[in-house]
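Data block for upload_4.txt (compact mmCIF, C-alpha atoms (C1' of nucleotides)):
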# COMPACT_ATOMS: atom_id res chain seq x y z
CA MET A 12 0.00 0.00 0.00
CA ASN A 13 2.94 2.23 0.60
CA ALA A 14 4.02 1.20 -2.87
CA VAL A 15 0.75 2.47 -4.28
CA PHE A 16 1.21 5.92 -2.81
CA LYS A 17 4.82 5.96 -3.94
CA ALA A 18 3.70 5.06 -7.43
CA LEU A 19 1.06 7.76 -7.33
CA SER A 20 3.53 10.41 -6.28
CA ASP A 21 4.75 10.93 -9.84
CA PRO A 22 2.60 12.86 -12.32
CA THR A 23 3.73 10.75 -15.26
CA ARG A 24 2.65 7.56 -13.53
CA ARG A 25 -0.67 9.04 -12.52
CA HIS A 26 -1.22 10.06 -16.11
CA VAL A 27 -0.39 6.56 -17.28
CA LEU A 28 -3.06 5.20 -14.98
CA GLU A 29 -5.53 7.70 -16.34
CA LEU A 30 -4.77 6.59 -19.87
CA LEU A 31 -5.16 2.99 -18.80
CA ARG A 32 -8.54 3.81 -17.35
CA GLU A 33 -9.95 4.15 -20.86
CA ARG A 34 -8.51 0.96 -22.25
CA PRO A 35 -5.51 -1.35 -22.01
CA MET A 36 -2.54 -0.11 -23.98
CA THR A 37 0.86 -1.28 -25.04
CA ALA A 38 4.04 0.16 -23.57
CA GLY A 39 4.84 1.98 -26.77
CA GLU A 40 1.35 3.32 -27.13
CA LEU A 41 1.50 4.71 -23.64
CA ALA A 42 4.97 6.09 -24.18
CA GLU A 43 3.78 8.15 -27.13
CA HIS A 44 1.88 10.36 -24.72
CA PHE A 45 4.99 11.47 -22.90
CA PRO A 46 8.05 13.46 -23.87
CA VAL A 47 10.49 11.12 -22.14
CA SER A 48 12.67 8.29 -23.38
CA GLY A 49 11.63 4.67 -23.66
CA PRO A 50 13.81 3.48 -20.80
CA THR A 51 12.35 6.16 -18.57
CA MET A 52 8.86 5.01 -19.36
CA SER A 53 9.89 1.44 -18.78
CA ALA A 54 11.09 2.44 -15.32
CA HIS A 55 7.76 4.05 -14.59
CA PHE A 56 5.99 0.89 -15.72
CA ALA A 57 8.19 -1.11 -13.38
CA VAL A 58 7.09 1.05 -10.46
CA LEU A 59 3.46 0.57 -11.39
CA ARG A 60 4.02 -3.17 -11.62
CA GLY A 61 5.76 -3.12 -8.25
CA ALA A 62 2.70 -1.46 -6.76
CA ASP A 63 0.52 -4.11 -8.40
CA LEU A 64 -1.44 -1.35 -10.08
CA VAL A 65 -1.23 -2.88 -13.54
CA ASP A 66 -1.47 -6.26 -15.17
CA VAL A 67 1.07 -7.21 -17.78
CA GLN A 68 0.52 -9.35 -20.80
CA LYS A 69 3.13 -10.08 -23.40
CA VAL A 70 1.69 -10.38 -26.88
CA GLY A 71 4.20 -10.99 -29.58
CA LYS A 72 6.74 -8.25 -29.38
CA THR A 73 4.52 -5.87 -27.53
CA VAL A 74 3.54 -5.65 -23.88
CA ILE A 75 0.03 -4.77 -22.91
CA TYR A 76 -0.63 -2.93 -19.70
CA ARG A 77 -3.98 -3.14 -18.05
CA LEU A 78 -5.19 -1.16 -15.05
CA LYS A 79 -5.96 -3.06 -11.86
CA LEU A 80 -8.73 -0.84 -10.66
CA SER A 81 -9.45 -2.74 -7.48
CA VAL A 82 -5.94 -2.23 -6.15
CA LEU A 83 -6.16 1.48 -6.80
CA GLU A 84 -9.52 1.66 -5.12
CA ASP A 85 -8.49 -0.39 -2.14
CA ALA A 86 -5.55 1.84 -1.39
CA LEU A 87 -7.08 5.21 -2.15
CA LEU A 88 -10.58 4.68 -0.86
CA GLY A 89 -9.28 2.74 2.10
CA PHE A 90 -7.23 5.74 3.04
CA VAL A 91 -9.71 8.54 2.37
CA GLY A 92 -12.53 6.43 3.63
CA ALA A 93 -10.97 6.46 7.05
CA PHE A 94 -11.16 10.23 7.06
CA SER A 95 -14.62 11.04 5.84
CA ALA A 96 -17.89 9.17 5.62
CA VAL A 97 -17.77 8.41 1.95
CA ALA A 98 -17.51 5.77 -0.71
CA GLY A 99 -19.06 3.04 1.37
CA ALA A 100 -15.79 2.57 3.18
CA ASP A 101 -16.72 1.50 6.66
CA LYS A 102 -15.08 3.90 9.02
CA PRO A 103 -15.27 4.14 12.81
CA ALA A 104 -18.10 6.15 14.28
CA GLY A 105 -15.98 8.55 16.27
CA SER A 106 -14.46 10.31 13.33
CA ARG A 107 -15.93 13.68 13.99
CA PRO A 108 -13.20 15.99 15.35
CA ALA A 109 -14.56 17.32 18.61
CA ALA A 110 -11.79 17.61 21.19
CA PRO A 111 -10.44 21.15 20.77
CA ILE A 112 -6.98 20.22 22.01
CA LYS A 113 -5.87 21.86 25.21
CA GLY A 114 -6.16 25.60 25.29
CA THR A 115 -6.89 26.50 21.74
CA THR A 116 -10.04 28.23 20.69
CA SER A 117 -10.97 29.11 24.22
CA MET B 1 -2.50 18.63 -6.32
CA ASN B 2 0.78 17.11 -7.26
CA ALA B 3 1.97 18.44 -3.92
CA VAL B 4 -0.75 16.47 -2.18
CA PHE B 5 0.35 13.20 -3.73
CA LYS B 6 3.95 14.00 -2.99
CA ALA B 7 3.05 14.67 0.62
CA LEU B 8 1.10 11.43 0.76
CA SER B 9 4.00 9.41 -0.58
CA ASP B 10 5.68 9.26 2.81
CA PRO B 11 4.32 6.89 5.48
CA THR B 12 5.23 9.23 8.30
CA ARG B 13 3.25 12.06 6.76
CA ARG B 14 0.28 9.82 6.08
CA HIS B 15 0.38 8.74 9.70
CA VAL B 16 0.49 12.36 10.81
CA LEU B 17 -2.66 13.02 8.83
CA GLU B 18 -4.31 10.02 10.41
CA LEU B 19 -3.47 11.33 13.85
CA LEU B 20 -4.81 14.73 12.87
CA ARG B 21 -8.00 13.11 11.76
CA GLU B 22 -8.93 12.48 15.39
CA ARG B 23 -8.16 15.95 16.67
CA PRO B 24 -5.84 18.88 16.14
CA MET B 25 -2.47 18.40 17.77
CA THR B 26 0.66 20.36 18.51
CA ALA B 27 3.91 19.70 16.71
CA GLY B 28 5.44 18.17 19.81
CA GLU B 29 2.42 16.02 20.48
CA LEU B 30 2.54 14.68 16.95
CA ALA B 31 6.28 14.17 17.13
CA GLU B 32 5.91 11.92 20.17
CA HIS B 33 4.34 9.30 17.93
CA PHE B 34 7.43 8.93 15.78
CA PRO B 35 10.96 7.75 16.40
CA VAL B 36 12.59 10.56 14.48
CA SER B 37 14.13 13.84 15.55
CA GLY B 38 12.22 17.06 16.00
CA PRO B 39 13.74 18.79 13.00
CA THR B 40 12.86 15.83 10.83
CA MET B 41 9.26 16.07 11.95
CA SER B 42 9.32 19.79 11.32
CA ALA B 43 10.40 19.10 7.76
CA HIS B 44 7.49 16.72 7.34
CA PHE B 45 5.15 19.37 8.67
CA ALA B 46 6.57 21.81 6.15
CA VAL B 47 5.71 19.43 3.33
CA LEU B 48 2.19 19.03 4.64
CA ARG B 49 1.86 22.80 4.85
CA GLY B 50 3.21 23.11 1.32
CA ALA B 51 0.49 20.76 0.13
CA ASP B 52 -2.05 22.82 2.03
CA LEU B 53 -3.14 19.72 3.86
CA VAL B 54 -2.92 21.29 7.30
CA ASP B 55 -3.78 24.54 8.98
CA VAL B 56 -1.28 26.06 11.34
CA GLN B 57 -2.01 28.07 14.43
CA LYS B 58 0.64 29.41 16.73
CA VAL B 59 -0.47 29.43 20.34
CA GLY B 60 2.11 30.60 22.82
CA LYS B 61 5.16 28.47 22.40
CA THR B 62 3.37 25.66 20.68
CA VAL B 63 2.10 25.23 17.14
CA ILE B 64 -1.18 23.53 16.53
CA TYR B 65 -1.72 21.54 13.37
CA ARG B 66 -5.17 20.93 12.08
CA LEU B 67 -6.21 18.69 9.18
CA LYS B 68 -7.72 20.33 6.13
CA LEU B 69 -10.00 17.51 5.19
CA SER B 70 -11.49 19.16 2.13
CA VAL B 71 -8.11 19.46 0.44
CA LEU B 72 -7.39 15.82 1.05
CA GLU B 73 -10.78 14.82 -0.26
CA ASP B 74 -10.57 17.02 -3.31
CA ALA B 75 -7.29 15.50 -4.38
CA LEU B 76 -7.90 11.89 -3.50
CA LEU B 77 -11.56 11.55 -4.36
CA GLY B 78 -11.10 13.71 -7.42
CA PHE B 79 -8.54 11.26 -8.63
CA VAL B 80 -10.20 7.97 -7.73
CA GLY B 81 -13.56 9.36 -8.64
CA ALA B 82 -12.42 9.66 -12.21
CA PHE B 83 -11.76 5.93 -12.23
CA SER B 84 -14.75 4.35 -10.60
CA ALA B 85 -18.30 5.41 -9.94
CA VAL B 86 -17.93 6.17 -6.28
CA ALA B 87 -17.97 8.80 -3.59
CA GLY B 88 -20.36 11.07 -5.41
CA ALA B 89 -17.49 12.34 -7.49
CA ASP B 90 -19.00 13.21 -10.84
CA LYS B 91 -17.11 11.27 -13.41
CA PRO B 92 -17.58 10.99 -17.18
CA ALA B 93 -20.04 8.39 -18.42
CA GLY B 94 -17.67 6.56 -20.74
CA SER B 95 -15.45 5.18 -18.03
CA ARG B 96 -16.18 1.56 -18.61
CA PRO B 97 -13.23 -0.12 -20.32
CA ALA B 98 -14.60 -1.81 -23.38
CA ALA B 99 -12.10 -1.66 -26.22
CA PRO B 100 -9.97 -4.80 -25.83
CA ILE B 101 -7.00 -3.24 -27.62
CA LYS B 102 -5.88 -4.98 -30.76
CA GLY B 103 -5.51 -8.72 -30.48
CA THR B 104 -5.60 -9.38 -26.80
CA THR B 105 -8.07 -11.71 -25.16
CA SER B 106 -9.19 -13.17 -28.44
C1' DA C 17 20.40 -16.89 -39.98
C1' DC C 18 19.85 -12.04 -40.22
C1' DT C 19 17.41 -7.93 -39.58
C1' DT C 20 13.96 -5.26 -37.53
C1' DC C 21 11.00 -3.77 -34.07
C1' DA C 22 9.28 -3.33 -29.01
C1' DT C 23 10.66 -3.34 -24.65
C1' DT C 24 13.66 -3.89 -20.77
C1' DT C 25 18.22 -3.83 -18.39
C1' DC C 26 22.53 -1.56 -17.38
C1' DG C 27 25.46 2.11 -15.88
C1' DA C 28 25.85 6.81 -15.15
C1' DC C 29 24.51 11.54 -13.85
C1' DG C 30 22.14 15.42 -11.42
C1' DT C 31 18.35 16.35 -8.25
C1' DT C 32 15.48 15.49 -4.50
C1' DT C 33 14.50 13.57 -0.12
C1' DA C 34 14.70 11.88 4.71
C1' DG C 35 17.47 11.88 8.24
C1' DC C 36 20.85 13.90 11.60
C1' DT C 37 23.25 17.57 14.84
C1' DA C 38 23.88 22.24 16.06
C1' DA C 39 22.23 26.73 16.18
C1' DA C 40 18.56 30.25 15.81
C1' DT C 41 13.96 32.04 16.89
C1' DG C 42 10.25 33.00 19.71
C1' DT C 43 7.49 32.51 24.09
C1' DC C 44 6.83 31.89 28.62
C1' DG C 45 7.73 32.11 33.92
C1' DC C 46 10.72 33.86 37.04
C1' DG D 4 16.75 40.13 31.40
C1' DC D 5 17.50 35.03 31.99
C1' DG D 6 16.83 30.36 31.59
C1' DA D 7 13.74 26.76 30.04
C1' DC D 8 10.90 25.07 26.53
C1' DA D 9 8.86 24.33 21.60
C1' DT D 10 9.69 24.69 17.07
C1' DT D 11 12.10 25.98 12.96
C1' DT D 12 16.28 27.01 10.18
C1' DA D 13 20.88 25.85 8.53
C1' DG D 14 24.15 22.78 6.98
C1' DC D 15 25.33 18.28 6.19
C1' DT D 16 25.28 13.05 4.53
C1' DA D 17 23.39 9.01 2.46
C1' DA D 18 19.97 7.04 -0.11
C1' DA D 19 16.38 7.24 -3.54
C1' DC D 20 14.58 9.07 -7.74
C1' DG D 21 13.94 10.50 -12.64
C1' DT D 22 16.30 10.76 -16.53
C1' DC D 23 19.37 9.49 -20.26
C1' DG D 24 22.13 6.68 -24.02
C1' DA D 25 23.87 2.25 -25.04
C1' DA D 26 23.38 -2.43 -24.90
C1' DA D 27 20.63 -6.70 -24.14
C1' DT D 28 16.52 -9.56 -24.81
C1' DG D 29 12.98 -11.54 -27.40
C1' DA D 30 9.64 -12.14 -31.12
C1' DA D 31 8.59 -11.62 -35.99
C1' DG D 32 9.39 -11.24 -40.84
C1' DT D 33 12.57 -11.96 -44.67

Could you render the structure as structure tokens?
Amino acid sequence: MNAVFKALSDPTRRHVLELLRERPMTAGELAEHFPVSGPTMSAHFAVLRGADLVDVQKVGKTVIYRLKLSVLEDALLGFVGAFSAVAGADKPAGSRPAAPIKGTTS
Amino acid sequence: MNAVFKALSDPTRRHVLELLRERPMTAGELAEHFPVSGPTMSAHFAVLRGADLVDVQKVGKTVIYRLKLSVLEDALLGFVGAFSAVAGADKPAGSRPAAPIKGTTS
DNA sequence: ACTTCATTTCGACGTTTAGCTAAATGTCGC
DNA sequence: GCGACATTTAGCTAAACGTCGAAATGAAGT
């Protein structure tokens, strides 16, 4: 889960995931959307694989990347869900900040 | 928004936000939860401030940090919301992956 | 077999980051 | 004003990161 947030910390990788949201794409197809070198993109893909955010399928001489939506959701919604009552994520009842620390607003 | 994901990429900072979810806390109070030095924590706080994820209030010789939930939600839910139909985040209708690329699962 | 194409691995480089200690800043009680 | 306390700033080191070009791998096509 730490790996997911690490993977998400780079704009290029987030953009890759957004592209993958529409449809699976090959490495080269994805790479066309970015002004960086092939090896750089390959490194980004490796990070996404390491976070288990994508599925890989080798087809001939191309590699198809496919988004693993559930992993993204589990990490992101699991985290935000703990903060606010949203997304069906079951969060503890006592989530409403009430204790005004020690001598703050008084 | 990139700053938010960057801030979230560190486990310590995520944990700080989780602590802040319960109630506002002072820098020292937060720092007690982590095995790192004060200055290191201060640097983490600076990142969180830079991402606008916390509000700061100086009270006497202490500094109170307060979670800015809406910023967290905007970034996180805005991102996940674009992927799946969840959290009331309005996402485009054509989000269902349908095009099976070229010669994939066939 | 040889070439070509798609992608990854390797080795290097510059930047960023998390961590530290020491020192500075600011606030309180005396 | 002085000393104690809370926090930040400054200056540093080591590790991690994003990027590259060159080389390696692997699958077709000829």

Residue among A:Lys72, A:Lys17, A:Arg34, A:Arg25 lying closest to chain C, counting only C-alpha atoms (C1' of nucleotides)
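For chain C, the nearest of the candidates is A:Lys72.
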
Taking all atoms listed in the file into account and nothing else, which residues of chain D lie no more than 10 Å away from chain B? Please answer as a list in words.
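Using all atoms listed in the file, chain D residues at most 10 Å from chain B: DC8, DA9, DT10, DT11 and DT12 of chain D.
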
Residues within 10 Å of D:DA18, all atoms listed in the file, excluding chain neighbours under 3 positions, as a list in words
DT33, DA34 and DG35 of chain C

Just need the residues of chain C within 10 Å of chain B, counting only C-alpha atoms (C1' of nucleotides), so spit them out as a PyMOL selection string.
chain C and resi 34-37+42-44

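The space between atom CA of B:Leu17 and atom C1' of C:DA40 spans 28.2 Å.
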
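Comparing the minimum interatomic distances between chain A and each of B:Ala31, B:Met1, B:Met25, B:Val47, counting only C-alpha atoms, we find that B:Met25 sits nearest.
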
Pick from B:Val71, B:Leu8, B:Leu53, B:Val16, whichever lies nearest to chain A using all atoms listed in the file:
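Answer, going by the shortest atom-to-atom distance: B:Leu8.
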
Find the distance between atom CA of B:Asn2 and atom CA of A:Ser20 and write it in Å to one decimal.
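Answer for the atom CA of B:Asn2 to atom CA of A:Ser20 separation: 7.3 Å.
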
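Reported to one decimal place, the separation of atom CA of A:Glu84 from atom CA of B:Ser84 is 8.0 Å.
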
Given the choices B:Arg13, B:Arg21, B:His33, B:Arg49, which gets closest to chain A if the distance is worked out from all atoms listed in the file?
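The answer is B:Arg21, which sits nearest to chain A.
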